[in-house]
Structures are given as C-alpha cells and as structure tokens.
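Working notes for the structure below.
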Amino acid sequence: MSRLKQLKIYKKHLQERYNKLIEKSNDYKFIDEIKSDRAAFKAMKIREKLNRVKYLDREIINSFT
C-alpha cells in the first residue's frame, strides 16, 4: 500500500473520530459538563493530528508536481 493511500485512510479515520467526538460533546453539553469537556478536549487533539496530516498530504502532492 502506498504512503499516499495510507495517509488518506488515516485522514478519513481521524475525521470520523473528530466528528463523533464533536457530536458527543454537543450532546452532553447540558447533561454532563465533564463528559462534554473531555470529548471536546479529545476532539481538539485529533484536530491537531488532522492538521499535521493535511500538511503532509499537501507536501506530498506538491513534491509530485
């Protein structure tokens, strides 16, 4: 499997986790503030990873052109 394909699969996985955590954070916002904050914090961490992957993806594509 090529690195580009692995990167896309990882990016998709991170986006799914990020969306699920944001949804969880919004669902628990008024019910359980601790769960909401924890989910939001995890989502922020995943967002950082997504930004790194997007940067790598952009760099790889630019190196081919």
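Here's how to read the names in the structure tokens: chain A, B, ... by the order shown, residue numbers from 1 in each chain, ligand numbers from 1 in the order shown.
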Quick one: residues within 12 Å of Lys8 of chain A, only C-alpha atoms counted, chain neighbours fewer than 2 positions away excluded, as a ChimeraX atom specification?
/A:1-6,10-15,50,53-54,56-58,60
Would you save the residues of that selection, restricted to C-alpha atoms, as a PDB file, in the first residue's frame?
```
ATOM      1  CA  MET A   1       0.000   0.000   0.000  1.00  0.00           C
ATOM      2  CA  SER A   2       1.399   3.352  -0.969  1.00  0.00           C
ATOM      3  CA  ARG A   3       2.103   6.051   1.575  1.00  0.00           C
ATOM      4  CA  LEU A   4      -0.417   8.346  -0.087  1.00  0.00           C
ATOM      5  CA  LYS A   5      -3.189   5.779   0.289  1.00  0.00           C
ATOM      6  CA  GLN A   6      -2.223   5.133   3.927  1.00  0.00           C
ATOM      7  CA  TYR A  10      -5.634   7.696   8.313  1.00  0.00           C
ATOM      8  CA  LYS A  11      -7.094  11.106   7.464  1.00  0.00           C
ATOM      9  CA  LYS A  12     -10.543   9.584   6.955  1.00  0.00           C
ATOM     10  CA  HIS A  13     -10.262   7.711  10.261  1.00  0.00           C
ATOM     11  CA  LEU A  14      -9.309  10.898  12.112  1.00  0.00           C
ATOM     12  CA  GLN A  15     -12.143  12.867  10.530  1.00  0.00           C
ATOM     13  CA  LEU A  50      -5.644  16.217  11.229  1.00  0.00           C
ATOM     14  CA  VAL A  53      -1.822  15.040   8.137  1.00  0.00           C
ATOM     15  CA  LYS A  54      -3.224  17.748   5.851  1.00  0.00           C
ATOM     16  CA  LEU A  56       1.927  16.193   4.940  1.00  0.00           C
ATOM     17  CA  ASP A  57      -0.667  15.456   2.268  1.00  0.00           C
ATOM     18  CA  ARG A  58      -0.153  18.877   0.741  1.00  0.00           C
ATOM     19  CA  ILE A  60       3.478  15.059  -0.864  1.00  0.00           C
TER      20      ILE A  60
END
```
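Distances here use only C-alpha atoms; by that measure, the residue among A:Ser25, A:Lys20, A:Asn62, A:Arg52 closest to Ala40 of chain A is A:Ser25.
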Quick one: residues within 8 Å of Ile46 of chain A, only C-alpha atoms, excluding same-chain residues fewer than 3 positions away - as number ranges by chain?
A: 14, 17-18, 42-43, 49-50
For Arg38 of chain A, find every residue with an atom within 12 Å (counting only C-alpha atoms), except residues of its own chain fewer than 4 positions away, and show them as a PDB file with C-alpha atoms, in the first residue's frame.
```pdb
ATOM      1  CA  LEU A  21     -16.378  13.436  19.448  1.00  0.00           C
ATOM      2  CA  ILE A  22     -17.783  16.836  18.464  1.00  0.00           C
ATOM      3  CA  LYS A  24     -20.733  13.685  21.705  1.00  0.00           C
ATOM      4  CA  SER A  25     -19.540  16.991  23.122  1.00  0.00           C
ATOM      5  CA  ASN A  26     -22.621  18.785  21.841  1.00  0.00           C
ATOM      6  CA  TYR A  28     -23.616  16.162  26.631  1.00  0.00           C
ATOM      7  CA  LYS A  29     -23.259  19.948  26.809  1.00  0.00           C
ATOM      8  CA  ASP A  32     -22.891  16.231  31.851  1.00  0.00           C
ATOM      9  CA  GLU A  33     -20.382  19.043  31.521  1.00  0.00           C
ATOM     10  CA  ILE A  34     -17.378  16.868  32.354  1.00  0.00           C
ATOM     11  CA  LYS A  42     -10.057  14.862  22.680  1.00  0.00           C
ATOM     12  CA  ALA A  43     -11.538  16.421  19.547  1.00  0.00           C
ATOM     13  CA  MET A  44      -9.007  19.274  19.789  1.00  0.00           C
ATOM     14  CA  LYS A  45      -6.158  16.765  19.997  1.00  0.00           C
TER      15      LYS A  45
END
```
